[in-house]
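Visitor: So I've got this file, entry.cif, and it contains mmCIF, C-alpha atoms:
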```cif
data_query
#
loop_
_atom_site.label_atom_id
_atom_site.label_comp_id
_atom_site.auth_asym_id
_atom_site.auth_seq_id
_atom_site.Cartn_x
_atom_site.Cartn_y
_atom_site.Cartn_z
CA MET B 1 15.73 35.37 -29.96
CA ASN B 2 15.73 37.02 -26.53
CA ASN B 3 13.47 39.81 -27.82
CA MET B 4 11.01 37.23 -29.14
CA PHE B 5 10.69 35.47 -25.80
CA LYS B 6 10.42 38.82 -24.01
CA LYS B 7 7.46 39.67 -26.21
CA LEU B 8 5.90 36.30 -25.50
CA ILE B 9 6.08 36.69 -21.71
CA LYS B 10 5.51 40.44 -21.51
CA GLY B 11 2.35 40.92 -19.50
CA GLY B 12 1.76 37.13 -19.55
CA MET B 13 2.23 34.48 -22.21
CA GLY B 14 0.69 35.51 -25.51
CA GLN B 15 -2.05 33.38 -27.01
CA LEU B 16 0.29 32.06 -29.70
CA ALA B 17 3.17 31.41 -27.30
CA ILE B 18 2.38 27.75 -26.64
CA PRO B 19 2.02 26.58 -30.26
CA LEU B 20 5.04 28.61 -31.39
CA ILE B 21 7.22 27.28 -28.58
CA ALA B 22 5.99 23.74 -29.30
CA ILE B 23 6.90 24.14 -32.98
CA ALA B 24 10.31 25.54 -32.03
CA LEU B 25 11.05 22.65 -29.64
CA LEU B 26 10.03 20.05 -32.21
CA VAL B 27 12.16 21.74 -34.87
CA ILE B 28 15.21 21.87 -32.57
CA PHE B 29 14.71 18.26 -31.48
CA ASN B 30 14.46 17.00 -35.05
CA LEU B 31 17.46 19.03 -36.23
CA ILE B 32 19.56 17.54 -33.42
CA ARG B 33 18.26 14.03 -34.06
CA ASP B 34 18.56 14.30 -37.85
CA PRO B 35 20.04 17.46 -39.45
CA GLY B 36 18.42 16.52 -42.74
CA PHE B 37 14.94 16.02 -41.30
CA PHE B 38 13.57 19.20 -42.86
CA PHE B 39 15.35 18.82 -46.20
CA VAL B 40 13.02 19.63 -49.09
CA GLY B 41 13.83 18.01 -52.41
CA ILE B 42 12.40 18.07 -55.91
CA SER B 43 11.30 14.93 -57.71
CA HIS B 44 8.84 13.69 -60.30
CA ASN B 45 5.59 11.97 -59.36
CA ASN B 46 3.92 9.09 -61.22
CA ASP B 47 2.45 11.52 -63.74
CA GLY B 48 5.87 12.99 -64.52
CA ASN B 49 5.19 16.33 -62.84
CA ILE B 50 7.81 18.15 -60.74
CA VAL B 51 6.80 18.09 -57.07
CA LEU B 52 8.31 18.96 -53.70
CA GLN B 53 9.03 16.15 -51.29
CA GLY B 54 10.44 15.67 -47.79
CA ASN B 55 9.30 15.46 -44.17
CA LEU B 56 8.39 19.16 -44.08
CA ILE B 57 6.12 18.73 -47.11
CA SER B 58 4.61 15.61 -45.53
CA ILE B 59 3.85 17.60 -42.36
CA ILE B 60 2.14 20.57 -43.98
CA ASN B 61 0.36 18.34 -46.49
CA GLY B 62 -0.75 15.66 -44.02
CA ALA B 63 -2.19 18.24 -41.62
CA SER B 64 -4.42 19.85 -44.26
CA GLU B 65 -7.72 18.20 -43.30
CA LEU B 66 -6.99 18.76 -39.62
CA ALA B 67 -6.10 22.43 -40.18
CA VAL B 68 -9.34 23.06 -42.08
CA LEU B 69 -11.44 21.36 -39.40
CA ALA B 70 -9.56 23.23 -36.64
CA MET B 71 -10.60 26.56 -38.20
CA GLY B 72 -14.28 25.68 -37.99
CA MET B 73 -13.90 24.02 -34.60
CA THR B 74 -12.38 27.24 -33.26
CA LEU B 75 -15.54 29.19 -34.08
CA VAL B 76 -17.80 26.60 -32.45
CA THR B 77 -15.59 26.48 -29.36
CA ALA B 78 -15.42 30.27 -29.08
CA ALA B 79 -19.16 30.82 -29.50
CA CYS B 80 -20.55 27.83 -27.60
CA GLY B 81 -17.90 26.98 -25.03
CA GLY B 82 -17.94 23.38 -26.23
CA GLN B 83 -16.76 21.17 -29.07
CA ASP B 84 -18.27 19.25 -31.96
CA ILE B 85 -17.17 15.61 -31.73
CA SER B 86 -19.02 14.59 -34.90
CA VAL B 87 -16.77 16.26 -37.52
CA GLY B 88 -15.18 12.98 -38.64
CA ALA B 89 -18.55 11.28 -39.10
CA ALA B 90 -19.97 14.37 -40.83
CA ALA B 91 -16.96 14.40 -43.18
CA ALA B 92 -17.73 10.76 -44.05
CA ILE B 93 -21.30 11.80 -44.93
CA ALA B 94 -20.07 14.73 -47.04
CA GLY B 95 -17.54 12.47 -48.76
CA SER B 96 -20.24 9.90 -49.51
CA VAL B 97 -22.45 12.58 -51.06
CA LEU B 98 -19.48 13.78 -53.12
CA VAL B 99 -18.75 10.29 -54.46
CA LYS B 100 -22.44 9.48 -55.03
CA THR B 101 -22.77 12.60 -57.18
CA LEU B 102 -19.56 11.93 -59.10
CA LYS B 103 -20.66 8.36 -59.85
CA SER B 104 -24.08 9.49 -61.14
CA GLY B 105 -22.87 9.74 -64.73
CA PRO B 106 -20.38 8.15 -67.09
CA GLN B 107 -17.88 11.00 -67.09
CA ILE B 108 -16.44 13.19 -64.33
CA THR B 109 -16.10 16.76 -65.56
CA GLY B 110 -15.07 19.95 -63.82
CA GLY B 111 -18.70 21.03 -63.61
CA LYS B 112 -19.74 17.76 -62.01
CA VAL B 113 -16.92 18.01 -59.44
CA LEU B 114 -18.07 21.53 -58.56
CA LEU B 115 -21.69 20.37 -58.28
CA ALA B 116 -20.65 17.42 -56.11
CA PHE B 117 -18.68 19.70 -53.80
CA ILE B 118 -21.60 22.16 -53.50
CA LEU B 119 -23.98 19.31 -52.63
CA ALA B 120 -21.48 17.97 -50.08
CA CYS B 121 -21.31 21.46 -48.54
CA ILE B 122 -25.11 21.75 -48.41
CA VAL B 123 -25.51 18.35 -46.73
CA ALA B 124 -22.71 19.09 -44.24
CA MET B 125 -24.28 22.48 -43.47
CA ILE B 126 -27.67 20.82 -42.88
CA PHE B 127 -26.14 18.41 -40.38
CA GLY B 128 -24.24 21.33 -38.88
CA SER B 129 -27.54 23.18 -38.53
CA PHE B 130 -28.98 20.14 -36.76
CA ASN B 131 -26.13 20.18 -34.25
CA GLY B 132 -26.35 23.96 -33.95
CA THR B 133 -30.09 23.86 -33.30
CA LEU B 134 -29.65 21.40 -30.45
CA VAL B 135 -26.98 23.64 -28.92
CA ALA B 136 -28.31 27.14 -29.65
CA VAL B 137 -32.07 26.60 -29.40
CA PHE B 138 -32.44 23.66 -27.03
CA LYS B 139 -29.39 24.62 -24.90
CA ILE B 140 -27.85 21.14 -25.00
CA GLN B 141 -24.16 20.98 -24.16
CA PRO B 142 -22.24 20.82 -27.50
CA MET B 143 -20.38 17.58 -26.84
CA ILE B 144 -23.63 15.81 -25.87
CA ALA B 145 -25.57 17.31 -28.78
CA THR B 146 -22.97 16.24 -31.34
CA LEU B 147 -22.67 12.78 -29.80
CA ILE B 148 -25.83 11.87 -31.77
CA LEU B 149 -24.20 12.44 -35.16
CA TYR B 150 -20.90 11.01 -33.91
CA THR B 151 -22.76 7.77 -33.16
CA CYS B 152 -24.85 7.45 -36.31
CA GLY B 153 -22.99 9.58 -38.88
CA ARG B 154 -20.86 6.83 -40.39
CA SER B 155 -23.93 4.61 -40.68
CA ILE B 156 -25.62 7.36 -42.69
CA ALA B 157 -22.51 7.57 -44.90
CA TYR B 158 -22.75 3.78 -45.32
CA TRP B 159 -26.39 4.01 -46.46
CA ILE B 160 -25.73 6.77 -49.01
CA ASN B 161 -23.59 4.47 -51.16
CA GLY B 162 -25.44 1.28 -50.31
CA GLY B 163 -22.64 -0.07 -48.14
CA ALA B 164 -20.15 -0.01 -51.02
CA THR B 165 -16.78 1.74 -51.18
CA PRO B 166 -16.88 3.08 -54.75
CA THR B 167 -13.78 4.53 -56.36
CA VAL B 168 -13.60 7.72 -58.37
CA SER B 169 -11.02 7.87 -61.12
CA SER B 170 -10.50 11.34 -62.50
CA PRO B 171 -7.52 13.64 -63.15
CA ILE B 172 -9.44 16.45 -61.42
CA ILE B 173 -10.00 14.42 -58.25
CA SER B 174 -6.38 13.26 -58.29
CA ALA B 175 -5.22 16.87 -58.61
CA ILE B 176 -7.33 17.92 -55.61
CA GLY B 177 -5.84 15.16 -53.47
CA SER B 178 -2.24 15.44 -54.66
CA PHE B 179 -0.74 17.97 -57.11
CA ILE B 180 -2.01 20.25 -59.84
CA PRO B 181 0.18 19.73 -62.92
CA GLY B 182 2.81 22.46 -63.05
CA ILE B 183 2.46 23.38 -59.36
CA PRO B 184 4.99 21.60 -57.10
CA VAL B 185 3.11 22.42 -53.87
CA PRO B 186 0.48 19.84 -52.78
CA THR B 187 -3.06 21.00 -53.56
CA PRO B 188 -4.37 20.36 -50.01
CA VAL B 189 -1.82 22.91 -48.74
CA LEU B 190 -3.15 25.47 -51.21
CA ILE B 191 -6.70 24.72 -50.04
CA VAL B 192 -5.68 25.39 -46.42
CA ILE B 193 -4.16 28.73 -47.47
CA LEU B 194 -7.34 29.60 -49.38
CA MET B 195 -9.54 28.73 -46.39
CA ALA B 196 -7.35 30.81 -44.08
CA ILE B 197 -7.63 33.77 -46.47
CA ILE B 198 -11.42 33.39 -46.61
CA PHE B 199 -11.66 33.41 -42.81
CA LYS B 200 -9.35 36.43 -42.69
CA LEU B 201 -11.53 38.32 -45.17
CA ILE B 202 -14.71 37.40 -43.30
CA PHE B 203 -13.26 38.70 -40.04
CA ARG B 204 -11.91 41.78 -41.81
CA PHE B 205 -15.13 42.88 -43.49
CA THR B 206 -17.74 41.63 -40.99
CA SER B 207 -18.20 41.72 -37.23
CA LEU B 208 -18.34 37.93 -36.94
CA GLU B 209 -15.13 37.70 -34.90
CA LEU B 210 -16.28 40.34 -32.41
CA PHE B 211 -19.79 38.89 -32.14
CA THR B 212 -18.50 35.34 -31.68
CA GLN B 213 -16.13 36.39 -28.91
CA SER B 214 -18.84 38.45 -27.23
CA VAL B 215 -21.29 35.56 -27.23
CA GLY B 216 -18.62 33.18 -25.94
CA ILE B 217 -17.54 35.48 -23.12
CA ASN B 218 -21.01 36.47 -21.93
CA GLY B 219 -24.06 35.51 -23.97
CA SER B 220 -26.48 37.47 -21.77
CA ALA B 221 -24.47 40.67 -22.09
CA ALA B 222 -24.18 40.10 -25.84
CA ARG B 223 -27.97 39.85 -26.11
CA LEU B 224 -28.39 43.09 -24.15
CA ASN B 225 -26.11 44.73 -26.72
CA GLY B 226 -28.31 43.59 -29.59
CA ILE B 227 -26.32 40.49 -30.64
CA ASN B 228 -28.41 37.46 -31.55
CA SER B 229 -26.58 34.78 -29.57
CA THR B 230 -28.71 31.96 -30.97
CA PHE B 231 -27.92 32.96 -34.55
CA ILE B 232 -24.18 33.33 -33.89
CA LYS B 233 -23.99 29.86 -32.32
CA LEU B 234 -26.01 28.34 -35.15
CA LEU B 235 -23.85 30.14 -37.73
CA SER B 236 -20.67 28.76 -36.17
CA PHE B 237 -21.92 25.20 -36.68
CA ILE B 238 -22.95 25.97 -40.27
CA ILE B 239 -19.47 27.38 -41.03
CA LEU B 240 -17.96 24.28 -39.43
CA GLY B 241 -20.16 22.27 -41.83
CA VAL B 242 -18.43 23.94 -44.79
CA CYS B 243 -15.04 23.09 -43.27
CA VAL B 244 -16.21 19.50 -42.82
CA ALA B 245 -17.17 19.29 -46.50
CA VAL B 246 -13.78 20.70 -47.56
CA ALA B 247 -11.91 18.24 -45.32
CA GLY B 248 -14.06 15.34 -46.55
CA THR B 249 -13.40 16.31 -50.17
CA ILE B 250 -9.64 16.38 -49.56
CA GLY B 251 -9.79 13.00 -47.81
CA VAL B 252 -11.76 11.37 -50.62
CA SER B 253 -9.54 12.92 -53.29
CA ARG B 254 -6.38 11.61 -51.62
CA LEU B 255 -7.63 8.01 -51.75
CA GLY B 256 -9.81 8.18 -54.84
CA LEU B 257 -12.61 6.40 -52.98
CA ILE B 258 -14.97 6.69 -50.03
CA ASN B 259 -14.57 4.42 -47.05
CA HIS B 260 -17.15 5.47 -44.47
CA GLU B 261 -15.39 3.52 -41.70
CA THR B 262 -11.91 5.01 -42.02
CA LEU B 263 -12.29 8.46 -43.60
CA LEU B 264 -10.84 10.99 -41.10
CA LEU B 265 -11.29 8.45 -38.31
CA ASP B 266 -10.57 9.86 -34.82
CA ILE B 267 -9.83 13.31 -36.24
CA GLU B 268 -12.34 14.86 -33.81
CA MET B 269 -9.95 14.67 -30.86
CA ASP B 270 -7.06 16.03 -32.89
CA ALA B 271 -9.21 18.97 -34.00
CA ILE B 272 -10.13 19.77 -30.40
CA LEU B 273 -6.49 19.45 -29.35
CA ALA B 274 -5.39 21.73 -32.20
CA VAL B 275 -7.75 24.40 -30.85
CA ALA B 276 -6.42 23.92 -27.32
CA ILE B 277 -2.76 23.87 -28.33
CA GLY B 278 -3.45 27.02 -30.37
CA GLY B 279 -4.00 28.91 -27.12
CA ASN B 280 -7.78 29.12 -27.45
CA SER B 281 -9.92 28.66 -24.36
CA LEU B 282 -12.06 25.52 -24.60
CA GLY B 283 -14.60 27.39 -22.48
CA GLY B 284 -15.27 29.94 -25.22
CA GLY B 285 -14.47 33.61 -25.72
CA LYS B 286 -11.33 35.04 -27.35
CA PHE B 287 -9.82 33.01 -30.14
CA LYS B 288 -7.22 33.02 -32.87
CA ILE B 289 -7.75 30.97 -36.01
CA SER B 290 -4.02 31.17 -36.69
CA GLY B 291 -3.30 29.51 -33.35
CA SER B 292 -5.51 26.55 -34.23
CA ILE B 293 -3.81 26.16 -37.62
CA ILE B 294 -0.40 26.13 -35.93
CA GLY B 295 -1.80 23.66 -33.40
CA ALA B 296 -2.75 21.32 -36.26
CA TYR B 297 0.80 21.46 -37.60
CA VAL B 298 2.18 20.80 -34.09
CA ILE B 299 0.14 17.59 -33.91
CA GLN B 300 1.17 16.49 -37.40
CA MET B 301 4.84 17.32 -36.81
CA LEU B 302 4.74 15.30 -33.60
CA THR B 303 3.21 12.36 -35.48
CA ILE B 304 5.79 12.47 -38.30
CA THR B 305 8.60 12.78 -35.72
CA LEU B 306 7.42 9.69 -33.88
CA TYR B 307 7.17 7.69 -37.09
CA ALA B 308 10.66 8.88 -38.09
CA MET B 309 11.91 7.53 -34.73
CA LYS B 310 10.52 4.11 -35.71
CA VAL B 311 7.78 4.24 -33.08
CA SER B 312 5.11 1.67 -33.90
CA SER B 313 1.70 2.93 -34.97
CA THR B 314 0.12 1.34 -31.89
CA ASP B 315 2.41 3.36 -29.60
CA VAL B 316 2.17 6.68 -31.46
CA LYS B 317 -1.13 7.66 -29.84
CA ALA B 318 0.26 7.04 -26.35
CA TYR B 319 3.35 9.18 -26.98
CA LYS B 320 1.22 11.89 -28.60
CA ALA B 321 -1.08 11.88 -25.58
CA LEU B 322 1.82 12.42 -23.17
CA VAL B 323 3.25 15.34 -25.14
CA ILE B 324 -0.15 16.89 -25.75
CA ILE B 325 -1.06 16.65 -22.05
CA LEU B 326 2.15 18.54 -21.29
CA LEU B 327 1.34 21.22 -23.87
CA VAL B 328 -2.24 21.63 -22.67
CA VAL B 329 -1.14 21.87 -19.02
CA ILE B 330 1.44 24.51 -19.92
CA GLY B 331 -1.29 26.43 -21.73
CA SER B 332 -3.76 26.20 -18.84
CA PRO B 333 -4.79 29.37 -16.94
CA VAL B 334 -3.36 28.00 -13.68
CA PHE B 335 0.08 27.43 -15.20
CA LYS B 336 0.02 30.80 -16.95
CA ASP B 337 -0.93 32.57 -13.73
CA ARG B 338 1.86 30.89 -11.76
CA PHE B 339 4.33 31.50 -14.57
CA ASN B 340 3.43 35.19 -14.62
CA LYS B 341 3.84 35.43 -10.85
CA PHE B 342 7.22 33.70 -11.12
CA VAL B 343 8.38 36.09 -13.85
CA ASN B 344 7.18 39.13 -11.87
CA ARG B 345 8.89 37.85 -8.73
CA MET B 346 12.14 37.33 -10.64
CA ARG B 347 11.91 40.83 -12.04
CA GLY B 348 11.27 42.17 -8.53
CA ASP B 349 14.26 40.29 -7.13
CA LYS B 350 16.53 41.59 -9.88
CA LYS B 351 15.27 45.12 -9.32
CA GLY B 352 15.89 44.78 -5.56
CA ILE B 353 19.43 43.49 -6.13
CA SER B 354 20.13 46.39 -8.52
CA GLU B 355 18.84 48.92 -6.01
CA LYS B 356 20.98 47.41 -3.22
CA GLY B 357 24.04 47.53 -5.45
CA ALA B 358 23.38 51.16 -6.29
CA ALA B 359 22.95 52.02 -2.60
CA LYS B 360 26.24 50.40 -1.67
CA ALA B 361 27.99 52.28 -4.45
#
```
When written as structure tokens, how does the structure in this file appear?
Guide:
Amino acid sequence: MNNMFKKLIKGGMGQLAIPLIAIALLVIFNLIRDPGFFFVGISHNNDGNIVLQGNLISIINGASELAVLAMGMTLVTAACGGQDISVGAAAAIAGSVLVKTLKSGPQITGGKVLLAFILACIVAMIFGSFNGTLVAVFKIQPMIATLILYTCGRSIAYWINGGATPTVSSPIISAIGSFIPGIPVPTPVLIVILMAIIFKLIFRFTSLELFTQSVGINGSAARLNGINSTFIKLLSFIILGVCVAVAGTIGVSRLGLINHETLLLDIEMDAILAVAIGGNSLGGGKFKISGSIIGAYVIQMLTITLYAMKVSSTDVKAYKALVIILLVVIGSPVFKDRFNKFVNRMRGDKKGISEKGAAKA
């Protein structure tokens, strides 16, 4: 344990220090409060399939949409130095397109589900391109540019299905939102793992990670080195569009219907906070996708903990805000700088005491 913390503070707090410490503190707190909080059991669902259950499963399953959105939000933040506040509304649009396509015929087959998902991705990417064009081409600050879709996005979702909230009844959709028969792990968790692997492969076999960080740190210098800053910023919004479609698909599949007013409501702020808690600078530059994923689980674990403590739903947001403010302040450059100075001063004092003891001897 000591070696772990030494690695975290060596040369300054590592980028993953804050989310990992937050996870550790929440785990310790819950184990003290309720030793069985993280117990994972096996049961049968309504379809008779063996599934895993427990608070831990609820945490990693419930954070799936947020984790997927946090991955895409990280790229936008790193490249543009700003955030997309329209992801919830865009997910409602993607979900509406998904349901509209699924309801276009009498039977929902695997091929139709795949087609519906592809169309949802295309529509979400188009809206992502719209946001990206405003930011990359017209140089509008990301939060202002995405405010347009944030304002009107759910109305567009409303128009797509004529103001209705149609249901979709299909074993395939149910499996996407809950469990695949024979696999006890929730499907949304598997989707998060798949998305993380895809991002890892993209970063491994392309220069997207390097180019994104370069553009975020200094766009002018990146251009002088032959990097198309406009394209990289636009691409980050398009990739976020795919993440939006995936999150919207999970959300619709969980409920078996599309409700444009409530689907992933207020998830924008949680996605931004997941990026911040993950140790990523909200001003752009260096980033870690893994940090944002952990940040999403921190937020969900905090939420489940508060509900387990019988905190009312109206008070949960206030308590979350207090804890998240603390985490963000701890992860701020000012705090890190002062923490590093404190650690170095303590090391210097210990070294001085050792030298004095050796001299006396």
Visitor: List the spatial neighbours of stretch 270-283 of chain B as a list in words - criterion: any atom at most 7 Å away, only C-alpha atoms, same-chain residues fewer than 6 positions off excluded.
Guide: Gln15, Leu16, Ile18, Pro19, Leu66, Leu69, Ala70, Met73, Thr74, Thr77, Gly81, Gly82, Gln83, Gly291, Ser292, Ile294, Gly295, Ala296, Leu327, Val328 and Gly331 of chain B
Visitor: Excluding same-chain residues fewer than 3 positions from stretch 143-152 of chain B, what lies within 7 Å of it counting all atoms listed in the file, as a PyMOL selection string?
Guide: chain B and resi 82-86+89+131+134-135+140+155-156
Visitor: With the PyMOL selection byres ((chain B and resi 316) around 12) as the selection, what would be picked from this file? Answer as a list in words, please.
Guide: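 Listing what the PyMOL selection byres ((chain B and resi 316) around 12) selects in the shown file: Ile299, Gln300, Leu302, Thr303, Ile304, Thr305, Leu306, Tyr307, Ala308, Met309, Lys310, Val311, Ser312, Ser313, Thr314, Asp315, Lys317, Ala318, Tyr319, Lys320, Ala321, Leu322, Val323 and Ile324 of chain B.
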Visitor: Excluding same-chain residues fewer than 4 positions from B:Gly216, what lies within 10 Å of it counting only C-alpha atoms, as a list in words?
Guide: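 Skipping anything fewer than 4 positions along the chain leaves Leu75, Val76, Thr77, Ala78, Ala79, Cys80, Gly81, Gly82, Leu210, Phe211, Thr212, Ser220, Ala222, Ser229, Ile232, Lys233, Ser281, Gly283, Gly284, Gly285, Lys286 and Phe287 of chain B.
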Visitor: If you count only C-alpha atoms, which residues fall within 10 Å of stretch 245-257 of chain B, apart from same-chain ones fewer than 5 positions away, as an MDAnalysis selection string?
Guide: chainID B and resid 64:69 87:99 116:125 165:170 172:178 187:188 191:192 195 240 263:264
Visitor: If you count all atoms listed in the file, which residues fall within 10 Å of B:Asn45, apart from same-chain ones fewer than 6 positions away, as a ChimeraX atom specification?
Guide: /B:51-53,178-179,184
Visitor: Write to file, as a PDB file, keeping the file's coordinate frame, the residues of the selection just made, with C-alpha atoms.
Guide:
```pdb
ATOM      1  CA  VAL B  51       6.800  18.090 -57.070  1.00  0.00           C
ATOM      2  CA  LEU B  52       8.310  18.960 -53.700  1.00  0.00           C
ATOM      3  CA  GLN B  53       9.030  16.150 -51.290  1.00  0.00           C
ATOM      4  CA  SER B 178      -2.240  15.440 -54.660  1.00  0.00           C
ATOM      5  CA  PHE B 179      -0.740  17.970 -57.110  1.00  0.00           C
ATOM      6  CA  PRO B 184       4.990  21.600 -57.100  1.00  0.00           C
TER       7      PRO B 184
END
```
Visitor: Of the candidates B:Met71, B:Ala221, B:Ile258, B:Pro171, which one gets nearest to B:Ile197 if we count all atoms listed in the file?
Guide: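 Checking each of B:Met71, B:Ala221, B:Ile258, B:Pro171 against B:Ile197, counting all atoms listed in the file, the winner is B:Met71.
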Visitor: Would you work out the distance separating atom CA of B:Phe38 from atom CA of B:Met301, expressed in Å to one decimal?
Guide: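 That distance, rounded to one decimal, is 10.8 Å.
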Visitor: Give me, please, the distance in Å between atom CA of B:Trp159 and atom CA of B:Thr101, quoted to one decimal.
Guide: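 Taking atom CA of B:Trp159 and atom CA of B:Thr101, their separation equals 14.2 Å.
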Visitor: What is the distance, in Å and to one decimal place, between atom CA of B:Ile32 and atom CA of B:Pro186?
Guide: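 Between these atoms lies a distance of 27.3 Å.
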Visitor: Using all atoms listed in the file, find the one residue out of B:Ser58, B:Ser43, B:Asn340, B:Asn259 that sits nearest to B:Ile160.
Guide: B:Asn259
Visitor: With all atoms listed in the file as the atoms that count, which of B:Ala157, B:Ile126, B:Val185, B:Ala22 lies nearest to B:Asn61?
Guide: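 Going through B:Ala157, B:Ile126, B:Val185, B:Ala22 one by one, the smallest distance to B:Asn61 is for B:Val185.
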